[in-house]
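Raw contents of entry.txt, compact mmCIF, C-alpha atoms:
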# COMPACT_ATOMS: atom_id res chain seq x y z
CA MET A 1 101.10 7.18 134.65
CA SER A 2 102.74 9.01 137.55
CA LEU A 3 101.67 8.47 141.14
CA GLU A 4 100.62 12.11 141.45
CA LYS A 5 98.45 11.77 138.39
CA ILE A 6 96.91 8.53 139.61
CA ASN A 7 96.33 9.99 143.08
CA SER A 8 94.71 13.12 141.69
CA GLN A 9 92.29 11.24 139.44
CA GLU A 10 88.66 11.20 140.32
CA GLN A 11 87.90 8.18 142.47
CA LYS A 12 85.26 5.93 140.98
CA PRO A 13 82.53 5.11 143.43
CA GLY A 14 80.86 1.72 143.31
CA ILE A 15 83.78 -0.58 142.58
CA THR A 16 84.41 -1.28 146.27
CA ASP A 17 80.75 -1.34 147.36
CA ALA A 18 80.67 -5.12 147.74
CA GLY A 19 83.94 -5.09 149.64
CA LYS A 20 82.76 -2.21 151.82
CA ASN A 21 79.51 -4.00 152.68
CA ARG A 22 81.48 -7.13 153.51
CA LEU A 23 83.81 -5.22 155.85
CA ASP A 24 80.96 -3.23 157.43
CA SER A 25 79.09 -6.42 158.17
CA LEU A 26 82.22 -8.04 159.64
CA LYS A 27 82.91 -5.00 161.82
CA LYS A 28 79.30 -4.97 163.01
CA ASN A 29 79.38 -8.64 163.97
CA ILE A 30 82.73 -8.36 165.75
CA THR A 31 81.56 -5.27 167.64
CA GLN A 32 78.39 -7.07 168.72
CA ALA A 33 80.46 -10.02 169.97
CA LYS A 34 82.80 -7.67 171.85
CA ASN A 35 79.86 -5.93 173.49
CA LYS A 36 78.56 -9.30 174.56
CA VAL A 37 81.90 -10.21 176.18
CA SER A 38 82.01 -6.78 177.78
CA ASN A 39 78.56 -7.40 179.28
CA TRP A 40 79.69 -10.77 180.64
CA PHE A 41 82.58 -9.12 182.43
CA SER A 42 80.33 -6.32 183.71
CA LYS A 43 77.82 -8.83 185.02
CA GLY A 44 80.68 -10.83 186.62
CA LEU A 45 81.88 -7.64 188.26
CA SER A 46 78.46 -6.85 189.66
CA ILE A 47 78.02 -10.39 190.99
CA PHE A 48 81.51 -11.27 192.23
CA GLY A 49 83.39 -7.97 192.49
CA SER A 50 87.17 -7.88 192.64
CA GLY A 51 87.87 -11.44 191.45
CA VAL A 52 86.52 -10.73 188.00
CA GLU A 53 87.69 -7.13 188.09
CA LYS A 54 91.34 -8.05 187.46
CA ALA A 55 90.46 -10.05 184.37
CA ALA A 56 88.03 -7.39 183.17
CA ILE A 57 90.61 -4.63 183.47
CA GLY A 58 93.02 -6.72 181.43
CA VAL A 59 90.52 -7.39 178.70
CA LEU A 60 88.61 -4.16 178.50
CA SER A 61 91.00 -1.37 179.35
CA THR A 62 94.56 -2.38 178.59
CA PRO A 63 94.75 -0.76 175.12
CA GLU A 64 93.81 2.47 176.87
CA ILE A 65 96.47 2.09 179.58
CA ALA A 66 99.27 3.14 177.29
CA LYS A 67 97.37 6.17 176.07
CA ALA A 68 96.35 7.17 179.60
CA GLY A 69 99.92 6.61 180.75
CA VAL A 70 101.33 8.82 178.04
CA GLU A 71 98.81 11.55 178.78
CA LYS A 72 99.64 11.32 182.49
CA TYR A 73 103.33 11.50 181.73
CA LYS A 74 102.92 14.57 179.51
CA GLU A 75 100.84 16.24 182.18
CA LEU A 76 103.37 15.36 184.90
CA ASP A 77 106.31 16.42 182.77
CA GLN A 78 104.73 19.79 182.09
CA HIS A 79 103.75 20.15 185.74
CA THR A 80 107.28 19.42 186.97
CA ASP A 81 108.71 21.87 184.43
CA THR A 82 106.41 24.54 185.80
CA LEU A 83 107.35 23.63 189.38
CA ALA A 84 111.06 23.77 188.59
CA HIS A 85 110.61 27.10 186.85
CA ASP A 86 108.54 28.57 189.68
CA ALA A 87 110.94 27.25 192.33
CA GLY A 88 113.92 28.71 190.48
CA GLU A 89 112.23 32.06 190.00
CA SER A 90 111.09 32.26 193.60
CA LEU A 91 114.49 31.28 195.01
CA GLY A 92 116.27 33.67 192.69
CA TYR A 93 113.99 36.48 193.79
CA LYS A 94 114.60 35.73 197.47
CA MET A 95 118.34 35.55 196.93
CA ALA A 96 118.31 38.91 195.19
CA GLN A 97 116.17 40.40 197.93
CA ASN A 98 118.46 39.16 200.71
CA TYR A 99 121.52 40.25 198.86
CA ASP A 100 120.13 43.73 198.26
CA THR A 101 119.07 44.15 201.89
CA THR A 102 122.45 43.09 203.19
CA LYS A 103 124.28 45.21 200.69
CA THR A 104 122.25 48.24 201.69
CA PHE A 105 123.00 47.54 205.34
CA VAL A 106 126.73 47.27 204.67
CA THR A 107 126.80 50.42 202.58
CA GLU A 108 124.96 52.40 205.26
CA THR A 109 127.36 51.11 207.92
CA VAL A 110 130.39 52.18 205.91
CA ASN A 111 128.87 55.60 205.22
CA ALA A 112 128.20 56.15 208.92
CA GLY A 113 131.94 55.86 209.48
CA VAL A 114 131.69 53.13 212.07
CA ASP A 115 135.13 51.82 213.11
CA ASN A 116 134.38 48.19 212.64
CA VAL A 117 133.04 48.72 209.18
CA SER A 118 135.49 46.33 207.69
CA SER A 119 134.60 43.43 209.97
CA ALA A 120 130.89 44.20 209.64
CA TYR A 121 131.27 44.20 205.90
CA ASN A 122 133.13 40.91 205.95
CA GLU A 123 130.54 39.45 208.27
CA ALA A 124 127.77 40.66 206.04
CA LYS A 125 129.57 39.33 203.02
CA GLU A 126 129.90 35.93 204.64
CA THR A 127 126.23 36.02 205.57
CA VAL A 128 125.32 36.79 201.97
CA LEU A 129 127.55 34.00 200.75
CA GLY A 130 126.03 31.69 203.36
CA ILE A 131 122.52 32.62 202.25
CA LYS A 132 123.48 32.13 198.65
CA GLN A 133 125.00 28.75 199.47
CA ASP A 134 121.92 27.68 201.45
CA LEU A 135 119.57 28.78 198.70
CA SER A 136 121.66 27.05 196.11
CA GLU A 137 121.57 23.82 198.11
CA ILE A 138 117.82 24.12 198.61
CA TYR A 139 117.34 24.80 194.94
CA GLN A 140 119.61 21.89 193.97
CA ALA A 141 117.83 19.53 196.37
CA GLY A 142 114.46 20.60 194.99
CA LYS A 143 115.69 20.15 191.45
CA GLU A 144 117.03 16.67 192.22
CA GLU A 145 113.79 15.68 193.89
CA ILE A 146 111.78 16.91 190.94
CA SER A 147 114.16 15.17 188.56
CA GLU A 148 113.81 11.92 190.51
CA ASN A 149 110.03 12.22 190.31
CA VAL A 150 110.17 12.78 186.56
CA THR A 151 112.50 9.81 186.09
CA GLU A 152 110.23 7.68 188.26
CA ALA A 153 107.19 8.78 186.27
CA LYS A 154 108.97 8.08 182.98
CA GLU A 155 109.94 4.62 184.16
CA PHE A 156 106.41 3.98 185.33
CA VAL A 157 104.90 5.05 182.01
CA GLY A 158 107.55 3.06 180.14
CA GLN A 159 106.66 -0.03 182.11
CA LYS A 160 102.98 0.52 181.42
CA ILE A 161 103.60 0.86 177.70
CA GLU A 162 105.80 -2.23 177.70
CA SER A 163 103.28 -4.22 179.65
CA ALA A 164 100.48 -3.05 177.33
CA LYS A 165 102.58 -4.08 174.31
CA GLU A 166 103.29 -7.39 175.92
CA TRP A 167 99.61 -7.71 176.73
CA THR A 168 98.60 -7.08 173.11
CA ASN A 169 101.05 -9.64 171.77
CA THR A 170 100.11 -12.15 174.44
CA LYS A 171 96.43 -11.63 173.72
CA LYS A 172 96.95 -12.22 170.00
CA GLN A 173 98.98 -15.33 170.73
CA GLU A 174 96.49 -16.57 173.31
CA ALA A 175 93.60 -15.97 170.96
CA LEU A 176 95.22 -17.95 168.16
CA GLU A 177 96.25 -20.72 170.53
CA LEU A 178 92.73 -20.89 171.85
CA ALA A 179 91.34 -21.18 168.36
CA LYS A 180 93.61 -24.20 167.91
CA ASN A 181 92.66 -26.03 171.11
CA LYS A 182 89.19 -24.67 171.75
CA GLN A 183 87.70 -28.14 172.17
CA GLU A 184 90.24 -29.04 174.87
CA GLN A 185 89.37 -25.89 176.80
CA ILE A 186 85.67 -26.57 176.57
CA ILE A 187 86.23 -30.14 177.85
CA ALA A 188 88.37 -28.75 180.71
CA TRP A 189 85.54 -26.38 181.59
CA LYS A 190 83.01 -29.24 181.58
CA ASP A 191 85.24 -31.00 184.15
CA ASP A 192 85.27 -27.87 186.34
CA LYS A 193 81.51 -27.64 185.99
CA ALA A 194 81.06 -31.31 187.00
CA GLU A 195 83.19 -30.61 190.07
CA ILE A 196 80.94 -27.70 191.05
CA ILE A 197 77.80 -29.82 190.60
CA THR A 198 79.30 -32.60 192.77
CA GLY A 199 80.31 -29.97 195.35
CA MET A 200 76.75 -28.68 195.41
CA ALA A 201 75.35 -32.17 196.06
CA LEU A 202 77.79 -32.64 198.94
CA LEU A 203 76.98 -29.20 200.32
CA ALA A 204 73.26 -30.00 200.26
CA LYS A 205 73.92 -33.08 202.41
CA ASP A 206 76.41 -31.54 204.77
CA PHE A 207 76.36 -27.73 204.78
CA SER A 208 79.25 -25.63 206.03
CA VAL A 209 80.05 -21.98 205.39
CA GLU A 210 83.67 -22.86 204.42
CA LYS A 211 82.52 -25.34 201.79
CA LYS A 212 80.00 -22.83 200.50
CA GLN A 213 82.69 -20.16 200.12
CA GLU A 214 84.96 -22.66 198.40
CA LEU A 215 82.24 -23.51 195.91
CA LEU A 216 81.37 -19.88 195.26
CA GLN A 217 85.05 -19.28 194.58
CA LYS A 218 84.97 -22.03 191.95
CA VAL A 219 81.88 -20.46 190.38
CA GLU A 220 83.64 -17.10 190.26
CA THR A 221 86.77 -18.61 188.70
CA GLY A 222 84.56 -20.41 186.18
CA TRP A 223 82.86 -17.15 185.26
CA SER A 224 86.17 -15.40 184.68
CA LYS A 225 87.48 -18.31 182.60
CA LEU A 226 84.38 -18.42 180.41
CA ALA A 227 84.30 -14.66 179.85
CA GLN A 228 88.03 -14.73 179.05
CA MET A 229 87.43 -17.61 176.64
CA GLY A 230 84.75 -15.51 174.93
CA SER A 231 87.14 -12.60 174.64
CA ASN A 232 89.85 -14.81 173.13
CA LEU A 233 87.39 -16.33 170.68
CA VAL A 234 86.32 -12.88 169.49
CA ASN A 235 89.95 -11.86 169.03
CA ALA A 236 90.72 -15.13 167.24
CA ALA A 237 87.75 -14.59 164.91
CA GLU A 238 88.97 -11.06 164.20
CA ILE A 239 92.50 -12.25 163.42
CA LYS A 240 91.27 -15.16 161.30
CA SER A 241 88.94 -12.85 159.35
CA GLN A 242 91.77 -10.38 158.78
CA ASN A 243 94.02 -13.20 157.55
CA PHE A 244 91.36 -14.33 155.05
CA ILE A 245 90.91 -10.73 153.86
CA ASP A 246 94.69 -10.22 153.52
CA LYS A 247 95.09 -13.38 151.45
CA ALA A 248 92.12 -12.57 149.19
CA ARG A 249 93.37 -9.02 148.68
CA ALA A 250 96.88 -10.20 147.84
CA ARG A 251 95.51 -12.57 145.21
CA ALA A 252 93.09 -10.02 143.73
CA ASN A 253 95.78 -7.33 143.64
CA ALA A 254 98.22 -9.69 141.91
CA LEU A 255 95.60 -10.58 139.30
CA LYS A 256 94.72 -6.94 138.66
CA LEU A 257 98.37 -6.03 138.39
CA ALA A 258 98.90 -8.82 135.86
CA GLN A 259 95.89 -7.53 133.94
CA LEU A 260 97.35 -4.02 133.96
CA GLU A 261 100.74 -5.29 132.77
CA LEU A 262 99.06 -7.18 129.94
CA GLN A 263 97.17 -4.05 128.96
CA MET A 264 100.40 -2.05 128.97
CA SER A 265 102.25 -4.64 126.89
CA LEU A 266 99.39 -4.66 124.37
CA ALA A 267 99.61 -0.90 124.17
CA THR A 268 103.33 -1.21 123.54
CA THR A 269 102.70 -3.75 120.79
CA VAL A 270 100.21 -1.42 119.09
CA GLU A 271 102.71 1.39 119.41
CA ASP A 272 105.48 -0.81 117.92
CA ARG A 273 103.26 -1.81 115.00
CA ALA A 274 102.36 1.82 114.35
CA ARG A 275 106.05 2.72 114.41
CA GLN A 276 106.86 -0.10 111.98
CA LYS A 277 103.98 0.95 109.76
CA ASN A 278 105.13 4.51 110.01
CA GLU A 279 108.66 3.51 108.96
CA ALA A 280 107.30 1.40 106.10
CA LEU A 281 105.11 4.28 104.99
CA ARG A 282 108.06 6.66 105.14
CA ALA A 283 110.08 4.24 103.00
CA LYS A 284 107.25 3.97 100.51
CA ILE A 285 106.81 7.73 100.37
CA ASN A 286 110.56 8.17 99.97
CA GLY A 287 110.43 5.60 97.17
CA ILE A 288 107.66 7.33 95.28
CA ASN A 289 109.31 10.68 95.81
CA SER A 290 112.56 9.37 94.33
CA LEU A 291 110.65 7.98 91.36
CA ALA A 292 109.07 11.37 90.75
CA GLN A 293 112.51 12.98 90.67
CA VAL A 294 113.74 10.51 88.00
CA ALA A 295 110.80 11.31 85.77
CA MET B 1 102.28 -3.98 161.76
CA ASN B 2 103.58 -1.23 164.03
CA ILE B 3 103.39 2.56 164.04
CA LEU B 4 106.99 3.07 162.88
CA GLU B 5 106.49 0.80 159.87
CA ILE B 6 103.33 2.69 158.95
CA LYS B 7 105.01 6.09 159.33
CA ASP B 8 107.90 4.91 157.15
CA MET B 9 105.50 3.77 154.47
CA LEU B 10 103.47 6.98 154.58
CA SER B 11 106.58 9.15 154.31
CA GLY B 12 107.48 7.49 150.99
CA GLY B 13 105.00 9.67 149.07
CA ILE B 14 103.37 6.61 147.48
CA PHE B 15 99.90 7.21 148.84
CA SER B 16 97.62 10.21 148.35
CA GLU B 17 97.44 13.00 150.91
CA ASP B 18 93.87 12.02 151.73
CA THR B 19 94.91 8.46 152.62
CA VAL B 20 97.92 9.65 154.62
CA GLN B 21 95.70 12.05 156.56
CA LYS B 22 93.13 9.37 157.33
CA ILE B 23 95.82 7.01 158.63
CA GLU B 24 97.57 9.73 160.61
CA ASN B 25 94.26 10.44 162.32
CA ILE B 26 94.13 6.81 163.40
CA ILE B 27 97.70 6.53 164.71
CA MET B 28 97.81 9.98 166.29
CA ASP B 29 98.73 9.86 170.02
CA LYS B 30 98.95 6.08 169.97
CA GLN B 31 101.80 3.85 171.10
CA ILE B 32 100.14 0.58 170.17
CA LEU B 33 97.66 -0.29 167.46
CA SER B 34 94.61 -2.35 168.30
CA LEU B 35 93.29 -5.06 165.97
CA GLU B 36 90.57 -2.61 164.90
CA ASP B 37 93.17 0.03 164.02
CA GLU B 38 95.18 -2.44 161.91
CA PHE B 39 91.97 -3.50 160.20
CA GLU B 40 90.97 0.08 159.47
CA ILE B 41 94.41 1.08 158.15
CA LYS B 42 94.54 -1.86 155.75
CA ASN B 43 91.04 -1.00 154.52
CA ILE B 44 92.06 2.59 153.78
CA LEU B 45 95.17 1.48 151.87
CA GLN B 46 93.27 -1.13 149.86
CA SER B 47 90.55 1.37 149.05
CA GLU B 48 93.13 3.62 147.39
CA ILE B 49 94.64 0.68 145.49
CA ASP B 50 91.16 -0.36 144.28
CA ASN B 51 90.44 3.17 143.08
CA ASP B 52 93.80 3.34 141.28
CA PHE B 53 93.05 0.12 139.40
CA ALA B 54 89.57 1.40 138.56
CA SER B 55 90.96 4.70 137.30
CA MET B 56 93.18 2.73 134.89
CA GLY B 57 90.26 0.73 133.60
CA ILE B 58 91.05 -2.46 135.48
CA GLU B 59 87.76 -3.93 136.59
CA ASP B 60 86.89 -7.07 138.52
CA THR B 61 87.28 -10.18 136.38
CA SER B 62 85.49 -13.47 136.94
CA GLU B 63 88.57 -14.74 138.79
CA ILE B 64 88.36 -11.83 141.22
CA THR B 65 84.64 -12.42 141.67
CA GLU B 66 85.50 -16.01 142.58
CA ILE B 67 88.09 -14.82 145.09
CA ASN B 68 85.52 -12.51 146.66
CA GLU B 69 82.92 -15.26 146.81
CA ALA B 70 85.43 -17.56 148.51
CA LEU B 71 86.26 -14.76 150.93
CA ASP B 72 82.57 -14.27 151.74
CA ASN B 73 82.29 -17.99 152.46
CA ASP B 74 85.38 -17.98 154.69
CA LEU B 75 84.24 -14.92 156.62
CA GLY B 76 80.74 -16.35 156.92
CA GLN B 77 82.21 -19.57 158.33
CA VAL B 78 84.25 -17.64 160.91
CA GLN B 79 81.18 -15.64 161.91
CA ARG B 80 78.95 -18.70 162.21
CA GLU B 81 81.56 -20.46 164.32
CA LEU B 82 81.99 -17.40 166.54
CA SER B 83 78.26 -17.00 166.91
CA ALA B 84 77.88 -20.66 167.97
CA ASP B 85 80.77 -20.34 170.45
CA MET B 86 79.28 -17.18 171.95
CA ASP B 87 75.91 -18.91 172.35
CA THR B 88 77.60 -21.84 174.10
CA ILE B 89 79.44 -19.55 176.50
CA GLU B 90 76.30 -17.55 177.20
CA THR B 91 74.42 -20.74 178.07
CA GLU B 92 77.25 -21.90 180.35
CA LEU B 93 77.34 -18.52 182.11
CA ARG B 94 73.60 -18.64 182.63
CA GLU B 95 73.91 -22.11 184.20
CA LEU B 96 76.77 -20.90 186.36
CA ASP B 97 74.65 -18.04 187.65
CA THR B 98 71.86 -20.47 188.49
CA MET B 99 74.39 -22.61 190.41
CA ARG B 100 75.57 -19.57 192.34
CA LYS B 101 72.00 -18.78 193.36
CA GLU B 102 71.40 -22.39 194.39
CA ILE B 103 74.58 -22.45 196.49
CA ASN B 104 73.38 -19.36 198.34
CA HIS B 105 69.95 -20.94 198.68
CA LEU B 106 71.54 -24.00 200.33
CA GLU B 107 72.64 -21.80 203.21
CA ASP B 108 69.05 -20.58 203.67
CA LEU B 109 67.83 -24.19 203.68
CA ASP B 110 70.47 -25.09 206.24
CA GLN B 111 69.30 -22.24 208.46
CA VAL B 112 65.68 -23.37 208.11
CA ASN B 113 66.61 -26.97 208.97
CA LYS B 114 68.49 -25.83 212.04
CA ILE B 115 65.45 -23.85 213.20
CA LYS B 116 63.21 -26.87 212.55
CA GLU B 117 65.54 -29.12 214.51
CA GLY B 118 65.53 -26.62 217.34
CA LEU B 119 61.74 -26.60 217.42
CA THR B 120 61.35 -30.38 217.44
CA ARG B 121 63.72 -30.86 220.38
Structure rendered as structure tokens:
Amino acid sequence: MSLEKINSQEQKPGITDAGKNRLDSLKKNITQAKNKVSNWFSKGLSIFGSGVEKAAIGVLSTPEIAKAGVEKYKELDQHTDTLAHDAGESLGYKMAQNYDTTKTFVTETVNAGVDNVSSAYNEAKETVLGIKQDLSEIYQAGKEEISENVTEAKEFVGQKIESAKEWTNTKKQEALELAKNKQEQIIAWKDDKAEIITGMALLAKDFSVEKKQELLQKVETGWSKLAQMGSNLVNAAEIKSQNFIDKARARANALKLAQLELQMSLATTVEDRARQKNEALRAKINGINSLAQVA
Amino acid sequence: MNILEIKDMLSGGIFSEDTVQKIENIIMDKQILSLEDEFEIKNILQSEIDNDFASMGIEDTSEITEINEALDNDLGQVQRELSADMDTIETELRELDTMRKEINHLEDLDQVNKIKEGLTR
């Protein structure tokens, strides 16, 4: 069966219902977990401000950075094109205007029969050339500046895209690493927590604003670490789930393909038997026909 | 999986126009694919493969049912583990917030003590 024919066949509903429900449920759970992590970062932001902000931006917005960067670049590119065009048009117009004015002046001077017409003409000509030269330099300088800005913007966007790519890969790697040594990280956090509790006991005995700030800083760092851990765990769960789905699909597809091949080979066997039977029948018919001729 | 690989695959004419369109809608204007995008794209491709098998009379066998049951168990395990981890983190964050409030409260207590000391002198 050709691909076109297969692709144009009516799709049978129902066969993927179980799979669809499974995936819908997975997506729902992952989304819920992501919302939870997002809320942790938002709460951290409202409590601690900038300290958590850096981590939150990394976790929540980085996939959008590349898109925003590209949009910004497109906008800037178009804007600079327009600027270059407008600048060129405006300068060209001014040049033409100056040239025409000077030319008119020179022509009138010549027509008036003034003795120094030649020198005046040459002077005017030089002035025109000077104006042209100045305008050309201005135009060139403007063009270079615009070009530098575009190059700078391109580099900036390129860096953003690269860093976002790097971020995505790092996040995947981090998430998988975390899944491997989750227990160690939790134990490390318990140590940090014990340190904060001890610090609080000491602060209660002997209060100082410096010690208080130091402790609050540890609380803030702890918050960021925990929220980040949550984010990594969600990503790890997503990657692990996808890996399980990929493996199951590969096995199911291989089995179905084998089933299809078996079906096709059976069809071929039936076809072969029919052909053999057909040949045998032909031979028999030929035989009987030849007997009839003898009689 | 990256966008170039996907575009290459889609340009091969193997998949139906409907599938190609759905995937193009996902990758449109993107430089990088998120985990959700990868997930969605694979689902769309598998959906077409499933329908192709169905259209040729290939239905789920008991072996495939077993694979799906094992998959449900694995995914369930991942979800339960994630859910437990999220609960743990939530509890820790709640405790951390309580600590933060107590640390701030210690400053108030210190102020009160200083006032008391001042009064008793």
| field | Polymer residues at most 12 Å from B:Val20, all atoms listed in the file, same-chain spacing of 4 or more positions, as a VMD selection string | value | (chain A and resid 7) or (chain B and resid 6 to 16 24 to 28 41 44 to 45 48)
Restrict the calculation to only C-alpha atoms, then for each residue of chain B with any atom at most 6 Å from an atom of chain A give the closest atom pair and their distance in Å to one decimal, rows by chain and rising residue number, as a tab-separated table.
residue	atom	partner	partner_atom	distance
B:Ser16	CA	A:Asn7	CA	5.4
B:Asn51	CA	A:Gln11	CA	5.7
B:Ile64	CA	A:Ala252	CA	5.7
B:Leu75	CA	A:Ser241	CA	5.8
| query | Between atom CA of A:Glu177 and atom CA of A:Lys34, what is the spacing in Å? | reply |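 Separation between atom CA of A:Lys34 and atom CA of A:Glu177: 18.8 Å.
Take atom CA of B:Met56 and atom CA of A:Ala267: the distance between them is 13.0 Å.
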